[in-house]
Amino acid sequence: MENKTRNILNFLEKHQSEELQSTYIDSLFNKKTSARETLFDDIDRNRNVIRDIMYNAISESKQELLYCEAKDKIGKSLSKHDENRRAWSETNYAKEEVFAKNLLDDILQAAEKNGVSWCKEFVDAEKKSPFYEMNEALSVGNRYVYYVEGKDLKNDLYAIRRYREYGPYEDFEVYQAYADERDEMRAKLFGMIADGKTKYKLSELAEFYFSSKEGKGGYFHLSGEWTDKTSIFENEDKYPEYLRGMAAIEKKIETHIKDLTFEQKKLMLGQTRSEDVLKSLMKEGLTISLEDLKGRFSPEFIDKAIAENKILQDQAKNEEISKKLEDVKSRLEQKEQELNNKERYLGYKEQAVASERATSVNANEDFKGLSDAELKDKFELKKKLMKEHPIMLEPCLNSMCNAYVLTKDEAMKKEMLGELYAIRKGGKTDAEKREMAKTFKRVLDKNPNLKNDENLVALSKIDTVISQPTKSVKKQVEHSK
């Protein structure tokens, strides 16, 4: 029972004046009333208060009568104290029931008077709810009422397992006597799942579905010694609604079958009763056997399914072999293409180098008689060719060095030297710069006449901490700018 319900009942019990009681009930829907007491604000905060009154959970005498009735049911004699409780309850029950009905009417009238519409709307909706009779049954004899709402599976199953639980200090035999009623309510709940009358998330339904037998039982048991050995999932003839509910859950899960783990698919195979679901599992690559299906499918269907599964398995193996062959074929074709590309590249390289050498190795002869402007054009052409085809670095650099040496115009000559210096020092790392120095040296070694130029000789040497030959070239280039 909600604390707010108790506060309302305590006030009404303490103040018997009808006028004062009416004023108090009216104040529950007044915005000036303390937030702890008010009912005006919204349904989410106060629905269980209205449920307590609707389902007559406030009737202590009714609880006492039902407790005594339960002891009679198990053949347990009542103590003198129990007999007194029964006598008191029989006297007060009718009066309390009338009181509860009148209180609900008064609350609805006060809500309407103050323009609070949710209260009557909630009561009307609750009476139409598929859980109305279930909640009425749950409120009977339960001091701490949990209602079924169809929004949270664990909460709703917890509410059912509290039915006829009279508290930890009472006899468990009394609770156990109503195991069948709790199973009937559970079966009814799963029937509502099958009919789409709940709003449970697929994740919580799947969690229940994939639980072991012991895990499922855990949803139905109270903790400690209050263990309720349910038979709902062991007696399909008595509780067909449970199987309908599980089939509906399974159908929802099947739409996400590709997202399931292999272990989950195996668990589904172990409990499905659907031929369609079984076929879906077979398409996912699961191997089935007689032991997997026995007792849940007809012998004729089992024979047919196992034969079909064998065909699917063979097809899968053939597809796997074909895939491996295709992979091998693809790798061989790729390797062949790489070799062809390499051969073409090497052929192009040889042709390019040969072509360049034909015009640049004998550059002293080729460039004789050219004007400074023509030499500068040749220099720029070789620089561009070298950038486009790095493989031609050495022959192009040979031509550029010759063009530089043959140029007479000092300004133009200094500009060319700056370009050669930039190439020599253009590496990003020291290793790249050293490699470029070696390239200059090879050019000079093949064309000894170029060694007559001190700047080119400096560029062909490697800078060290002790000696930095390129520094002299740098000074000339910077001075000319």
# chains A, B, ... in the order shown; residues from 1 in each chain; ligands from 1

$ residues_around --residues "A:His81" --least-positions-apart "5" --cutoff "12 Å" --atoms "only C-alpha atoms" --output "PDB file with all heavy atoms, in the first residue's frame"
ATOM      1  N   GLU A  64      -7.595 -10.544   6.614  1.00  0.00           N
ATOM      2  CA  GLU A  64      -7.671 -11.484   7.740  1.00  0.00           C
ATOM      3  C   GLU A  64      -8.577 -12.659   7.393  1.00  0.00           C
ATOM      4  O   GLU A  64      -8.270 -13.821   7.689  1.00  0.00           O
ATOM      5  CB  GLU A  64      -8.198 -10.767   8.989  1.00  0.00           C
ATOM      6  CG  GLU A  64      -7.340  -9.613   9.471  1.00  0.00           C
ATOM      7  CD  GLU A  64      -5.991 -10.077   9.963  1.00  0.00           C
ATOM      8  OE1 GLU A  64      -5.779 -11.292  10.123  1.00  0.00           O
ATOM      9  OE2 GLU A  64      -5.107  -9.219  10.175  1.00  0.00           O
ATOM     10  N   CYS A  68      -7.404 -16.677   7.134  1.00  0.00           N
ATOM     11  CA  CYS A  68      -8.056 -17.778   7.847  1.00  0.00           C
ATOM     12  C   CYS A  68      -8.603 -18.815   6.867  1.00  0.00           C
ATOM     13  O   CYS A  68      -8.517 -20.025   7.102  1.00  0.00           O
ATOM     14  CB  CYS A  68      -9.192 -17.226   8.722  1.00  0.00           C
ATOM     15  SG  CYS A  68      -8.613 -16.181  10.082  1.00  0.00           S
ATOM     16  N   ARG A  86     -10.737 -13.669  12.843  1.00  0.00           N
ATOM     17  CA  ARG A  86     -11.802 -13.992  11.896  1.00  0.00           C
ATOM     18  C   ARG A  86     -13.119 -13.348  12.331  1.00  0.00           C
ATOM     19  O   ARG A  86     -13.829 -12.742  11.502  1.00  0.00           O
ATOM     20  CB  ARG A  86     -11.969 -15.506  11.796  1.00  0.00           C
ATOM     21  CG  ARG A  86     -13.211 -15.905  10.986  1.00  0.00           C
ATOM     22  CD  ARG A  86     -13.387 -17.400  10.954  1.00  0.00           C
ATOM     23  NE  ARG A  86     -12.583 -17.990   9.899  1.00  0.00           N
ATOM     24  CZ  ARG A  86     -12.516 -19.306   9.689  1.00  0.00           C
ATOM     25  NH1 ARG A  86     -13.153 -20.149  10.459  1.00  0.00           N
ATOM     26  NH2 ARG A  86     -11.773 -19.786   8.707  1.00  0.00           N
ATOM     27  N   ALA A  87     -13.432 -13.440  13.602  1.00  0.00           N
ATOM     28  CA  ALA A  87     -14.680 -12.861  14.100  1.00  0.00           C
ATOM     29  C   ALA A  87     -14.694 -11.354  13.878  1.00  0.00           C
ATOM     30  O   ALA A  87     -15.698 -10.773  13.431  1.00  0.00           O
ATOM     31  CB  ALA A  87     -14.844 -13.191  15.589  1.00  0.00           C
ATOM     32  N   TRP A  88     -13.557 -10.729  14.177  1.00  0.00           N
ATOM     33  CA  TRP A  88     -13.472  -9.270  13.982  1.00  0.00           C
ATOM     34  C   TRP A  88     -13.620  -8.922  12.495  1.00  0.00           C
ATOM     35  O   TRP A  88     -14.311  -7.978  12.124  1.00  0.00           O
ATOM     36  CB  TRP A  88     -12.126  -8.785  14.504  1.00  0.00           C
ATOM     37  CG  TRP A  88     -11.872  -7.327  14.227  1.00  0.00           C
ATOM     38  CD1 TRP A  88     -12.273  -6.278  14.987  1.00  0.00           C
ATOM     39  CD2 TRP A  88     -11.180  -6.793  13.089  1.00  0.00           C
ATOM     40  NE1 TRP A  88     -11.870  -5.103  14.407  1.00  0.00           N
ATOM     41  CE2 TRP A  88     -11.196  -5.389  13.231  1.00  0.00           C
ATOM     42  CE3 TRP A  88     -10.545  -7.352  11.982  1.00  0.00           C
ATOM     43  CZ2 TRP A  88     -10.604  -4.537  12.299  1.00  0.00           C
ATOM     44  CZ3 TRP A  88      -9.967  -6.509  11.065  1.00  0.00           C
ATOM     45  CH2 TRP A  88      -9.996  -5.117  11.227  1.00  0.00           C
TER      46      TRP A  88
END

$ closest_residue --among "A:Val174, A:Leu153, A:Cys401, A:Ala206" --to "A:Met192" --atoms "only C-alpha atoms"
A:Leu153

$ residues_around --residues "stretch 266-270 of chain A" --least-positions-apart "2" --cutoff "9 Å" --atoms "only C-alpha atoms" --output "list in words"
Tyr209, Phe210, Ser211, Ser212, Glu250, Thr261, Phe262, Glu263, Gln264, Thr272, Arg273, Val277, Leu278, Leu281, Leu286, Ile288, Asp292 and Leu293 of chain A

$ residues_around --residues "A:Ser472" --least-positions-apart "2" --cutoff "10 Å" --atoms "only C-alpha atoms" --output "PyMOL selection string"
chain A and resi 454-455+458-459+468-470+474-477

$ residues_around --residues "A:Gln21" --least-positions-apart "3" --cutoff "12 Å" --atoms "only C-alpha atoms" --output "CSV table (one decimal) with C-alpha atoms, in the first residue's frame"
chain,number,residue,atom,x,y,z
A,8,ILE,CA,-5.4,9.5,3.5
A,9,LEU,CA,-6.9,6.6,5.5
A,10,ASN,CA,-5.3,7.7,8.8
A,11,PHE,CA,-6.7,11.2,8.4
A,12,LEU,CA,-10.2,9.9,7.6
A,13,GLU,CA,-10.1,7.4,10.5
A,14,LYS,CA,-8.9,10.2,12.9
A,15,HIS,CA,-11.4,12.8,11.8
A,16,GLN,CA,-14.9,11.3,11.6
A,17,SER,CA,-16.7,14.6,10.7
A,18,GLU,CA,-18.2,14.2,7.2
A,24,TYR,CA,-9.8,17.1,3.2
A,25,ILE,CA,-10.6,15.0,0.1
A,26,ASP,CA,-11.3,18.2,-1.9
A,27,SER,CA,-7.9,19.6,-0.7
A,28,LEU,CA,-6.1,16.6,-2.3
A,102,ASN,CA,-17.6,5.6,-1.1
A,103,LEU,CA,-14.1,6.9,-0.8
A,106,ASP,CA,-15.7,11.0,-3.3
A,107,ILE,CA,-12.2,11.2,-4.7
A,110,ALA,CA,-13.4,16.0,-5.9

$ select_by_dssp --residues "stretch 182-342 of chain A" --states "helix (DSSP H, G or I)" --output "JSON list (two decimals) with C-alpha atoms, in the first residue's frame"
[["chain", "number", "residue", "atom", "x", "y", "z"],
["A", 182, "ARG", "CA", -0.28, -18.00, -9.20],
["A", 183, "ASP", "CA", 0.49, -20.28, -12.16],
["A", 184, "GLU", "CA", -2.92, -19.53, -13.63],
["A", 185, "MET", "CA", -2.21, -15.80, -13.40],
["A", 186, "ARG", "CA", 1.21, -16.31, -15.00],
["A", 187, "ALA", "CA", -0.35, -18.32, -17.80],
["A", 188, "LYS", "CA", -2.93, -15.60, -18.29],
["A", 189, "LEU", "CA", -0.15, -13.01, -18.49],
["A", 190, "PHE", "CA", 1.64, -15.01, -21.19],
["A", 191, "GLY", "CA", -1.65, -15.31, -23.03],
["A", 192, "MET", "CA", -1.79, -11.51, -23.03],
["A", 193, "ILE", "CA", 1.75, -11.40, -24.43],
["A", 194, "ALA", "CA", 0.57, -13.70, -27.23],
["A", 202, "LEU", "CA", 11.99, -7.26, -26.89],
["A", 203, "SER", "CA", 15.21, -7.28, -24.85],
["A", 204, "GLU", "CA", 13.46, -8.34, -21.63],
["A", 205, "LEU", "CA", 11.32, -10.90, -23.46],
["A", 206, "ALA", "CA", 14.47, -12.33, -25.08],
["A", 207, "GLU", "CA", 16.21, -12.44, -21.69],
["A", 208, "PHE", "CA", 13.37, -14.57, -20.33],
["A", 209, "TYR", "CA", 13.20, -16.73, -23.47],
["A", 213, "LYS", "CA", 14.72, -23.83, -16.85],
["A", 214, "GLU", "CA", 16.15, -22.80, -13.49],
["A", 215, "GLY", "CA", 16.47, -19.22, -14.69],
["A", 216, "LYS", "CA", 12.85, -19.09, -15.79],
["A", 217, "GLY", "CA", 11.81, -20.57, -12.47],
["A", 218, "GLY", "CA", 13.72, -17.76, -10.79],
["A", 219, "TYR", "CA", 11.26, -15.28, -12.30],
["A", 220, "PHE", "CA", 8.47, -17.07, -10.39],
["A", 240, "PRO", "CA", -1.47, -23.58, -23.05],
["A", 241, "GLU", "CA", -1.39, -19.78, -22.75],
["A", 242, "TYR", "CA", 2.21, -20.00, -21.61],
["A", 243, "LEU", "CA", 3.19, -21.83, -24.80],
["A", 244, "ARG", "CA", 1.27, -19.30, -26.90],
["A", 245, "GLY", "CA", 3.13, -16.48, -25.20],
["A", 246, "MET", "CA", 6.50, -18.16, -25.69],
["A", 247, "ALA", "CA", 5.70, -18.75, -29.37],
["A", 248, "ALA", "CA", 4.87, -15.05, -29.78],
["A", 249, "ILE", "CA", 8.14, -14.05, -28.08],
["A", 250, "GLU", "CA", 10.02, -16.48, -30.31],
["A", 251, "LYS", "CA", 8.44, -15.00, -33.42],
["A", 252, "LYS", "CA", 9.64, -11.53, -32.42],
["A", 253, "ILE", "CA", 13.15, -12.87, -31.81],
["A", 254, "GLU", "CA", 13.17, -14.71, -35.15],
["A", 257, "ILE", "CA", 17.81, -14.20, -35.96],
["A", 258, "LYS", "CA", 20.93, -13.08, -37.87],
["A", 259, "ASP", "CA", 21.95, -10.93, -34.87],
["A", 262, "PHE", "CA", 25.52, -19.23, -32.08],
["A", 263, "GLU", "CA", 24.75, -20.18, -28.47],
["A", 264, "GLN", "CA", 21.40, -18.35, -28.59],
["A", 265, "LYS", "CA", 20.50, -20.12, -31.83],
["A", 266, "LYS", "CA", 21.26, -23.45, -30.17],
["A", 267, "LEU", "CA", 19.02, -22.51, -27.22],
["A", 268, "MET", "CA", 16.24, -21.58, -29.63],
["A", 269, "LEU", "CA", 16.68, -24.92, -31.41],
["A", 270, "GLY", "CA", 16.29, -26.67, -28.06],
["A", 271, "GLN", "CA", 12.88, -25.17, -27.27],
["A", 275, "GLU", "CA", 8.43, -25.50, -38.07],
["A", 276, "ASP", "CA", 9.10, -22.06, -39.61],
["A", 277, "VAL", "CA", 11.55, -21.11, -36.85],
["A", 278, "LEU", "CA", 13.29, -24.47, -37.22],
["A", 279, "LYS", "CA", 13.72, -23.86, -40.96],
["A", 280, "SER", "CA", 15.15, -20.41, -40.24],
["A", 281, "LEU", "CA", 17.67, -21.97, -37.84],
["A", 282, "MET", "CA", 18.63, -24.55, -40.46],
["A", 283, "LYS", "CA", 19.26, -21.74, -42.96],
["A", 290, "LEU", "CA", 16.56, -36.60, -33.91],
["A", 291, "GLU", "CA", 17.45, -35.83, -30.28],
["A", 292, "ASP", "CA", 17.05, -32.09, -30.92],
["A", 293, "LEU", "CA", 13.47, -32.44, -32.19],
["A", 299, "PRO", "CA", 8.05, -38.11, -36.71],
["A", 300, "GLU", "CA", 7.14, -37.35, -40.32],
["A", 301, "PHE", "CA", 8.27, -33.73, -40.05],
["A", 302, "ILE", "CA", 11.46, -34.73, -38.23],
["A", 303, "ASP", "CA", 12.46, -37.14, -41.02],
["A", 304, "LYS", "CA", 11.77, -34.47, -43.63],
["A", 305, "ALA", "CA", 13.62, -31.76, -41.67],
["A", 306, "ILE", "CA", 16.72, -33.92, -41.12],
["A", 307, "ALA", "CA", 16.85, -34.78, -44.84],
["A", 308, "GLU", "CA", 16.47, -31.11, -45.78],
["A", 309, "ASN", "CA", 19.13, -30.14, -43.21],
["A", 310, "LYS", "CA", 21.54, -32.62, -44.82],
["A", 311, "ILE", "CA", 20.97, -30.99, -48.21],
["A", 312, "LEU", "CA", 21.55, -27.52, -46.74],
["A", 313, "GLN", "CA", 24.73, -28.69, -45.02],
["A", 314, "ASP", "CA", 26.04, -30.19, -48.29],
["A", 315, "GLN", "CA", 25.19, -26.99, -50.14],
["A", 316, "ALA", "CA", 26.99, -24.95, -47.50],
["A", 317, "LYS", "CA", 30.09, -27.17, -47.82],
["A", 318, "ASN", "CA", 30.02, -26.87, -51.62],
["A", 319, "GLU", "CA", 29.63, -23.12, -51.38],
["A", 320, "GLU", "CA", 32.56, -22.99, -48.97],
["A", 321, "ILE", "CA", 34.72, -25.05, -51.36],
["A", 322, "SER", "CA", 33.68, -22.82, -54.28],
["A", 323, "LYS", "CA", 34.48, -19.74, -52.25],
["A", 324, "LYS", "CA", 37.94, -21.04, -51.38],
["A", 325, "LEU", "CA", 38.58, -21.89, -55.06],
["A", 326, "GLU", "CA", 37.44, -18.42, -56.10],
["A", 327, "ASP", "CA", 39.74, -16.90, -53.48],
["A", 328, "VAL", "CA", 42.69, -18.92, -54.79],
["A", 329, "LYS", "CA", 41.82, -17.98, -58.38],
["A", 330, "SER", "CA", 41.52, -14.33, -57.41],
["A", 331, "ARG", "CA", 44.89, -14.35, -55.63],
["A", 332, "LEU", "CA", 46.57, -16.00, -58.64],
["A", 333, "GLU", "CA", 45.05, -13.45, -61.02],
["A", 334, "GLN", "CA", 46.15, -10.64, -58.74],
["A", 335, "LYS", "CA", 49.68, -12.06, -58.60],
["A", 336, "GLU", "CA", 49.77, -12.40, -62.38],
["A", 337, "GLN", "CA", 48.57, -8.80, -62.75],
["A", 338, "GLU", "CA", 51.27, -7.61, -60.35],
["A", 339, "LEU", "CA", 53.95, -9.43, -62.37],
["A", 340, "ASN", "CA", 52.64, -7.95, -65.62],
["A", 341, "ASN", "CA", 52.60, -4.47, -64.09],
["A", 342, "LYS", "CA", 56.14, -4.96, -62.82]]

$ closest_residue --among "A:Ala177, A:Tyr421, A:Glu97, A:Leu65" --to "A:Asp82" --atoms "only C-alpha atoms"
A:Leu65

$ residues_around --residues "stretch 44-58 of chain A" --least-positions-apart "3" --cutoff "6 Å" --atoms "only C-alpha atoms" --output "MDAnalysis selection string"
chainID A and resid 5 136 139

$ residues_around --residues "A:Tyr146" --least-positions-apart "4" --cutoff "10 Å" --atoms "only C-alpha atoms" --output "list in words"
Met1, Asn48, Asp52, Asn135, Leu138, Ser139, Asn142, Asn155, Asp156, Leu157, Tyr158, Ala159, Ile160, Arg161, Arg162 and Tyr163 of chain A

$ atom_distance --atom1 "atom CA of A:Met400" --atom2 "atom CA of A:Lys461"
17.8 Å
